[in-house]
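Asks: Enclosed is the structure file input.json (JSON, C-alpha atoms).
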```
[["chain", "number", "residue", "atom", "x", "y", "z"],
["A", 906, "MET", "CA", 101.03, 115.92, 75.74],
["A", 907, "TYR", "CA", 98.33, 114.12, 73.84],
["A", 908, "LYS", "CA", 95.50, 115.17, 71.58],
["A", 909, "VAL", "CA", 92.56, 112.81, 72.01],
["A", 910, "LYS", "CA", 89.86, 112.78, 69.34],
["A", 911, "VAL", "CA", 86.57, 111.34, 70.54],
["A", 912, "TYR", "CA", 83.73, 110.44, 68.18],
["A", 913, "VAL", "CA", 80.32, 109.83, 69.71],
["A", 914, "THR", "CA", 77.60, 108.46, 67.45],
["A", 915, "LEU", "CA", 74.04, 107.33, 68.02],
["A", 916, "ARG", "CA", 73.62, 103.57, 67.98],
["A", 917, "GLU", "CA", 72.24, 102.17, 64.74],
["A", 918, "SER", "CA", 68.93, 101.23, 66.35],
["A", 919, "VAL", "CA", 68.29, 104.73, 67.75],
["A", 920, "LEU", "CA", 66.18, 107.17, 65.75],
["A", 921, "ASP", "CA", 67.97, 110.41, 64.79],
["A", 922, "PRO", "CA", 65.38, 113.18, 64.30],
["A", 923, "GLN", "CA", 68.08, 115.86, 64.01],
["A", 924, "GLY", "CA", 69.70, 113.88, 61.19],
["A", 925, "GLY", "CA", 66.29, 113.51, 59.54],
["A", 926, "ALA", "CA", 65.77, 117.28, 59.68],
["A", 927, "VAL", "CA", 69.18, 117.92, 58.10],
["A", 928, "LYS", "CA", 68.42, 115.39, 55.37],
["A", 929, "ARG", "CA", 65.11, 117.08, 54.55],
["A", 930, "ALA", "CA", 66.82, 120.49, 54.50],
["A", 931, "LEU", "CA", 69.44, 119.15, 52.07],
["A", 932, "HIS", "CA", 66.69, 117.74, 49.83],
["A", 933, "THR", "CA", 64.95, 121.13, 49.85],
["A", 934, "MET", "CA", 68.26, 122.62, 48.72],
["A", 935, "ASP", "CA", 68.34, 120.16, 45.76],
["A", 936, "TYR", "CA", 70.88, 117.76, 47.21],
["A", 937, "ALA", "CA", 68.56, 114.85, 46.45],
["A", 938, "GLU", "CA", 71.49, 112.40, 46.36],
["A", 939, "VAL", "CA", 71.70, 112.43, 50.16],
["A", 940, "GLU", "CA", 70.08, 109.21, 51.38],
["A", 941, "ASP", "CA", 70.75, 109.37, 55.08],
["A", 942, "VAL", "CA", 72.24, 111.69, 57.69],
["A", 943, "ARG", "CA", 73.29, 110.72, 61.20],
["A", 944, "ILE", "CA", 74.53, 113.35, 63.61],
["A", 945, "GLY", "CA", 77.06, 112.77, 66.33],
["A", 946, "LYS", "CA", 79.58, 114.62, 68.42],
["A", 947, "TYR", "CA", 83.28, 115.16, 67.92],
["A", 948, "MET", "CA", 85.45, 116.21, 70.84],
["A", 949, "GLU", "CA", 89.11, 117.13, 71.06],
["A", 950, "LEU", "CA", 90.80, 116.79, 74.43],
["A", 951, "ILE", "CA", 94.29, 118.00, 75.25],
["A", 952, "VAL", "CA", 95.66, 115.69, 77.91],
["A", 953, "LYS", "CA", 98.90, 115.88, 79.88],
["A", 954, "GLU", "CA", 101.32, 112.96, 80.12],
["A", 955, "THR", "CA", 99.75, 110.41, 82.39],
["A", 956, "ALA", "CA", 99.89, 106.71, 83.12],
["A", 957, "ASN", "CA", 97.25, 104.46, 81.54],
["A", 958, "ILE", "CA", 96.01, 107.17, 79.21],
["A", 959, "ASP", "CA", 94.14, 104.69, 77.06],
["A", 960, "GLN", "CA", 92.23, 103.28, 80.01],
["A", 961, "ARG", "CA", 91.54, 106.73, 81.47],
["A", 962, "VAL", "CA", 90.18, 108.10, 78.19],
["A", 963, "ASP", "CA", 87.97, 105.05, 77.85],
["A", 964, "GLU", "CA", 86.60, 105.71, 81.35],
["A", 965, "MET", "CA", 85.96, 109.40, 80.56],
["A", 966, "CYS", "CA", 83.97, 108.37, 77.49],
["A", 967, "ALA", "CA", 81.97, 105.72, 79.30],
["A", 968, "LYS", "CA", 81.25, 107.88, 82.36],
["A", 969, "LEU", "CA", 80.71, 111.34, 80.91],
["A", 970, "LEU", "CA", 81.31, 111.97, 77.23],
["A", 971, "ALA", "CA", 78.95, 109.37, 75.80],
["A", 972, "ASN", "CA", 75.64, 108.00, 76.96],
["A", 973, "THR", "CA", 76.35, 104.34, 76.33],
["A", 974, "VAL", "CA", 72.68, 103.40, 76.48],
["A", 975, "ILE", "CA", 72.04, 105.13, 73.15],
["A", 976, "GLU", "CA", 75.50, 106.10, 71.90],
["A", 977, "ASP", "CA", 78.69, 104.42, 70.74],
["A", 978, "TYR", "CA", 82.08, 106.01, 71.05],
["A", 979, "ARG", "CA", 85.54, 105.59, 69.64],
["A", 980, "TYR", "CA", 88.67, 107.60, 70.15],
["A", 981, "GLU", "CA", 92.15, 108.18, 68.79],
["A", 982, "ILE", "CA", 95.09, 109.26, 70.91],
["A", 983, "GLU", "CA", 97.86, 111.23, 69.19],
["A", 984, "GLU", "CA", 101.05, 112.37, 70.79],
["A", 985, "VAL", "CA", 101.56, 116.11, 70.36],
["A", 986, "VAL", "CA", 105.03, 117.58, 70.29],
["A", 987, "PRO", "CA", 104.81, 121.08, 71.81],
["A", 988, "SER", "CA", 106.20, 123.61, 69.34],
["G", 1082, "MET", "CA", 77.29, 104.84, 47.19],
["G", 1083, "TYR", "CA", 79.45, 106.96, 49.40],
["G", 1084, "LYS", "CA", 79.81, 107.48, 53.10],
["G", 1085, "VAL", "CA", 80.78, 111.08, 53.82],
["G", 1086, "LYS", "CA", 82.20, 111.93, 57.24],
["G", 1087, "VAL", "CA", 81.95, 115.60, 58.13],
["G", 1088, "TYR", "CA", 83.78, 117.14, 61.08],
["G", 1089, "VAL", "CA", 82.69, 120.59, 62.19],
["G", 1090, "THR", "CA", 84.81, 122.35, 64.80],
["G", 1091, "LEU", "CA", 84.71, 125.78, 66.38],
["G", 1092, "ARG", "CA", 87.39, 128.12, 65.08],
["G", 1093, "GLU", "CA", 90.40, 128.51, 67.39],
["G", 1094, "SER", "CA", 89.50, 132.09, 68.23],
["G", 1095, "VAL", "CA", 85.95, 131.26, 69.30],
["G", 1096, "LEU", "CA", 85.23, 130.60, 72.97],
["G", 1097, "ASP", "CA", 83.79, 127.15, 73.73],
["G", 1098, "PRO", "CA", 81.74, 127.30, 76.96],
["G", 1099, "GLN", "CA", 80.39, 123.77, 76.44],
["G", 1100, "GLY", "CA", 83.95, 122.47, 76.22],
["G", 1101, "GLY", "CA", 84.82, 124.43, 79.36],
["G", 1102, "ALA", "CA", 81.93, 122.83, 81.23],
["G", 1103, "VAL", "CA", 83.02, 119.33, 80.16],
["G", 1104, "LYS", "CA", 86.59, 120.10, 81.24],
["G", 1105, "ARG", "CA", 85.42, 121.22, 84.67],
["G", 1106, "ALA", "CA", 83.25, 118.13, 85.01],
["G", 1107, "LEU", "CA", 86.23, 115.91, 84.16],
["G", 1108, "HIS", "CA", 88.34, 117.72, 86.76],
["G", 1109, "THR", "CA", 85.62, 117.14, 89.35],
["G", 1110, "MET", "CA", 85.79, 113.46, 88.44],
["G", 1111, "ASP", "CA", 89.57, 113.48, 89.13],
["G", 1112, "TYR", "CA", 90.72, 113.55, 85.54],
["G", 1113, "ALA", "CA", 93.00, 116.48, 86.32],
["G", 1114, "GLU", "CA", 95.25, 115.66, 83.36],
["G", 1115, "VAL", "CA", 92.72, 117.10, 80.92],
["G", 1116, "GLU", "CA", 93.99, 120.55, 79.91],
["G", 1117, "ASP", "CA", 91.48, 121.55, 77.29],
["G", 1118, "VAL", "CA", 88.27, 120.31, 75.69],
["G", 1119, "ARG", "CA", 86.75, 121.55, 72.44],
["G", 1120, "ILE", "CA", 83.42, 120.27, 71.28],
["G", 1121, "GLY", "CA", 82.36, 119.91, 67.68],
["G", 1122, "LYS", "CA", 79.98, 117.97, 65.50],
["G", 1123, "TYR", "CA", 80.45, 114.80, 63.55],
["G", 1124, "MET", "CA", 78.05, 113.89, 60.76],
["G", 1125, "GLU", "CA", 77.79, 110.84, 58.56],
["G", 1126, "LEU", "CA", 76.01, 111.22, 55.23],
["G", 1127, "ILE", "CA", 75.11, 108.39, 52.92],
["G", 1128, "VAL", "CA", 75.20, 109.79, 49.40],
["G", 1129, "LYS", "CA", 74.19, 108.17, 46.11],
["G", 1130, "GLU", "CA", 76.52, 108.10, 43.11],
["G", 1131, "THR", "CA", 76.59, 111.59, 41.69],
["G", 1132, "ALA", "CA", 78.80, 113.81, 39.55],
["G", 1133, "ASN", "CA", 81.11, 116.27, 41.35],
["G", 1134, "ILE", "CA", 80.53, 114.70, 44.73],
["G", 1135, "ASP", "CA", 83.50, 116.50, 46.24],
["G", 1136, "GLN", "CA", 82.26, 119.90, 45.14],
["G", 1137, "ARG", "CA", 78.68, 119.15, 46.21],
["G", 1138, "VAL", "CA", 79.69, 117.99, 49.68],
["G", 1139, "ASP", "CA", 81.79, 121.10, 50.07],
["G", 1140, "GLU", "CA", 78.75, 123.22, 49.17],
["G", 1141, "MET", "CA", 76.52, 121.34, 51.66],
["G", 1142, "CYS", "CA", 79.04, 122.05, 54.41],
["G", 1143, "ALA", "CA", 79.45, 125.71, 53.55],
["G", 1144, "LYS", "CA", 75.72, 126.36, 53.09],
["G", 1145, "LEU", "CA", 74.11, 124.24, 55.79],
["G", 1146, "LEU", "CA", 76.22, 121.91, 57.90],
["G", 1147, "ALA", "CA", 78.71, 124.43, 59.25],
["G", 1148, "ASN", "CA", 78.43, 128.09, 60.19],
["G", 1149, "THR", "CA", 81.63, 129.28, 58.52],
["G", 1150, "VAL", "CA", 81.67, 132.51, 60.52],
["G", 1151, "ILE", "CA", 82.56, 130.62, 63.69],
["G", 1152, "GLU", "CA", 83.21, 127.05, 62.52],
["G", 1153, "ASP", "CA", 85.67, 125.17, 60.35],
["G", 1154, "TYR", "CA", 84.82, 121.96, 58.57],
["G", 1155, "ARG", "CA", 86.57, 119.09, 56.91],
["G", 1156, "TYR", "CA", 85.24, 115.93, 55.35],
["G", 1157, "GLU", "CA", 86.25, 112.52, 54.08],
["G", 1158, "ILE", "CA", 84.48, 110.70, 51.27],
["G", 1159, "GLU", "CA", 84.61, 106.90, 51.29],
["G", 1160, "GLU", "CA", 83.18, 104.63, 48.65],
["G", 1161, "VAL", "CA", 80.86, 102.03, 50.15],
["G", 1162, "VAL", "CA", 80.34, 98.71, 48.47],
["G", 1163, "PRO", "CA", 76.76, 97.61, 49.21],
["G", 1164, "SER", "CA", 76.81, 94.20, 50.82]]
```
Would you kindly transcribe this structure into structure tokens?

Replies:
Amino acid sequence: MYKVKVYVTLRESVLDPQGGAVKRALHTMDYAEVEDVRIGKYMELIVKETANIDQRVDEMCAKLLANTVIEDYRYEIEEVVPS
Amino acid sequence: MYKVKVYVTLRESVLDPQGGAVKRALHTMDYAEVEDVRIGKYMELIVKETANIDQRVDEMCAKLLANTVIEDYRYEIEEVVPS
């Protein structure tokens, strides 16, 4: 069994209004040291043993989990030993 | 300057309907090997040099970035050398 951690982030060139709102909220709360906030998604998938897991996870990201027009993704695959 | 990576995840005991929907979508797309999906948030903060950065980031998470009733958070602080 594998635990797959997927990180989806907005591309650098894409405006992040949600991040801007969080930044302003942090400034209002006196965390003036925060210069920038970018918000993305983090997903954990539990995946059964399968052939070509790396390729299949990459396909899942490209087809469903990320919108590759405006988002980048990266992932880590960890083997999980069932306890 | 620091880059702070914040990961916010739903607590184990909290139902994740969004994750369930993604899992069903992946099954429909013939990725039957996916057993579970949990969806969280990933945030990147750029933070200026400041005293007690670790404590301040922890406060930001607890007060604003995560809802600690239903979510857990963890973070990593990396020093960034301006290029």

Asks: What are the residues of chain G lining chain A at 6 Å or less? Count only C-alpha atoms, and put the answer as a ChimeraX atom specification.

Replies: /G:1114-1129

Asks: Just fit chain A onto chain G on all the Cα atoms, in order, by least squares, and give it as an mmCIF file with C-alpha atoms, in the frame of the given file.

Replies:
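Wrote it out as result.cif, contents follow:
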```cif
data_model
loop_
_atom_site.group_PDB
_atom_site.id
_atom_site.type_symbol
_atom_site.label_atom_id
_atom_site.label_comp_id
_atom_site.auth_asym_id
_atom_site.auth_seq_id
_atom_site.Cartn_x
_atom_site.Cartn_y
_atom_site.Cartn_z
ATOM 1 C CA MET A 906 77.275 104.846 47.187
ATOM 2 C CA TYR A 907 79.460 106.971 49.388
ATOM 3 C CA LYS A 908 79.806 107.491 53.107
ATOM 4 C CA VAL A 909 80.792 111.084 53.824
ATOM 5 C CA LYS A 910 82.214 111.921 57.243
ATOM 6 C CA VAL A 911 81.964 115.596 58.121
ATOM 7 C CA TYR A 912 83.787 117.139 61.078
ATOM 8 C CA VAL A 913 82.695 120.590 62.190
ATOM 9 C CA THR A 914 84.809 122.343 64.806
ATOM 10 C CA LEU A 915 84.719 125.778 66.378
ATOM 11 C CA ARG A 916 87.406 128.106 65.086
ATOM 12 C CA GLU A 917 90.400 128.489 67.378
ATOM 13 C CA SER A 918 89.508 132.081 68.234
ATOM 14 C CA VAL A 919 85.936 131.239 69.308
ATOM 15 C CA LEU A 920 85.206 130.593 72.976
ATOM 16 C CA ASP A 921 83.770 127.129 73.729
ATOM 17 C CA PRO A 922 81.713 127.293 76.948
ATOM 18 C CA GLN A 923 80.366 123.759 76.445
ATOM 19 C CA GLY A 924 83.939 122.462 76.216
ATOM 20 C CA GLY A 925 84.816 124.432 79.353
ATOM 21 C CA ALA A 926 81.915 122.821 81.222
ATOM 22 C CA VAL A 927 83.019 119.332 80.153
ATOM 23 C CA LYS A 928 86.578 120.096 81.239
ATOM 24 C CA ARG A 929 85.419 121.228 84.683
ATOM 25 C CA ALA A 930 83.236 118.116 85.012
ATOM 26 C CA LEU A 931 86.230 115.914 84.146
ATOM 27 C CA HIS A 932 88.355 117.719 86.752
ATOM 28 C CA THR A 933 85.630 117.147 89.354
ATOM 29 C CA MET A 934 85.801 113.461 88.442
ATOM 30 C CA ASP A 935 89.588 113.480 89.130
ATOM 31 C CA TYR A 936 90.723 113.560 85.522
ATOM 32 C CA ALA A 937 93.000 116.497 86.306
ATOM 33 C CA GLU A 938 95.267 115.667 83.345
ATOM 34 C CA VAL A 939 92.715 117.113 80.919
ATOM 35 C CA GLU A 940 93.986 120.553 79.903
ATOM 36 C CA ASP A 941 91.476 121.554 77.283
ATOM 37 C CA VAL A 942 88.257 120.324 75.689
ATOM 38 C CA ARG A 943 86.749 121.582 72.448
ATOM 39 C CA ILE A 944 83.404 120.280 71.275
ATOM 40 C CA GLY A 945 82.364 119.919 67.680
ATOM 41 C CA LYS A 946 79.987 117.977 65.506
ATOM 42 C CA TYR A 947 80.478 114.792 63.546
ATOM 43 C CA MET A 948 78.070 113.891 60.766
ATOM 44 C CA GLU A 949 77.795 110.834 58.559
ATOM 45 C CA LEU A 950 76.020 111.226 55.240
ATOM 46 C CA ILE A 951 75.106 108.390 52.908
ATOM 47 C CA VAL A 952 75.188 109.782 49.395
ATOM 48 C CA LYS A 953 74.200 108.170 46.102
ATOM 49 C CA GLU A 954 76.509 108.104 43.085
ATOM 50 C CA THR A 955 76.595 111.591 41.686
ATOM 51 C CA ALA A 956 78.802 113.808 39.576
ATOM 52 C CA ASN A 957 81.107 116.271 41.352
ATOM 53 C CA ILE A 958 80.532 114.707 44.749
ATOM 54 C CA ASP A 959 83.501 116.494 46.253
ATOM 55 C CA GLN A 960 82.253 119.897 45.156
ATOM 56 C CA ARG A 961 78.669 119.144 46.206
ATOM 57 C CA VAL A 962 79.687 117.991 49.687
ATOM 58 C CA ASP A 963 81.799 121.104 50.084
ATOM 59 C CA GLU A 964 78.761 123.225 49.172
ATOM 60 C CA MET A 965 76.527 121.349 51.650
ATOM 61 C CA CYS A 966 79.048 122.045 54.408
ATOM 62 C CA ALA A 967 79.452 125.702 53.534
ATOM 63 C CA LYS A 968 75.720 126.351 53.088
ATOM 64 C CA LEU A 969 74.113 124.248 55.800
ATOM 65 C CA LEU A 970 76.224 121.907 57.888
ATOM 66 C CA ALA A 971 78.723 124.420 59.236
ATOM 67 C CA ASN A 972 78.445 128.054 60.182
ATOM 68 C CA THR A 973 81.624 129.260 58.527
ATOM 69 C CA VAL A 974 81.663 132.492 60.509
ATOM 70 C CA ILE A 975 82.560 130.601 63.688
ATOM 71 C CA GLU A 976 83.210 127.037 62.526
ATOM 72 C CA ASP A 977 85.678 125.146 60.364
ATOM 73 C CA TYR A 978 84.818 121.959 58.570
ATOM 74 C CA ARG A 979 86.582 119.081 56.913
ATOM 75 C CA TYR A 980 85.244 115.940 55.352
ATOM 76 C CA GLU A 981 86.253 112.526 54.076
ATOM 77 C CA ILE A 982 84.476 110.711 51.274
ATOM 78 C CA GLU A 983 84.617 106.905 51.286
ATOM 79 C CA GLU A 984 83.183 104.655 48.655
ATOM 80 C CA VAL A 985 80.840 102.072 50.163
ATOM 81 C CA VAL A 986 80.335 98.731 48.493
ATOM 82 C CA PRO A 987 76.744 97.636 49.212
ATOM 83 C CA SER A 988 76.781 94.206 50.845
#
```

Asks: What is the atom CA of A:Ile975-atom CA of A:Val919 distance in Å, reported with one decimal?

Replies: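 Between atom CA of A:Ile975 and atom CA of A:Val919 the gap is 6.6 Å.
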
Asks: Just to confirm, what's the straight-line distance from atom CA of A:Leu920 to atom CA of G:Glu1152 in Å (one decimal)?

Replies: 26.4 Å

Asks: Could you check how far atom CA of G:Glu1159 sits from atom CA of A:Glu981, in Å to one decimal?

Replies: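 Spanning atom CA of G:Glu1159 to atom CA of A:Glu981 is a straight-line distance of 19.1 Å.
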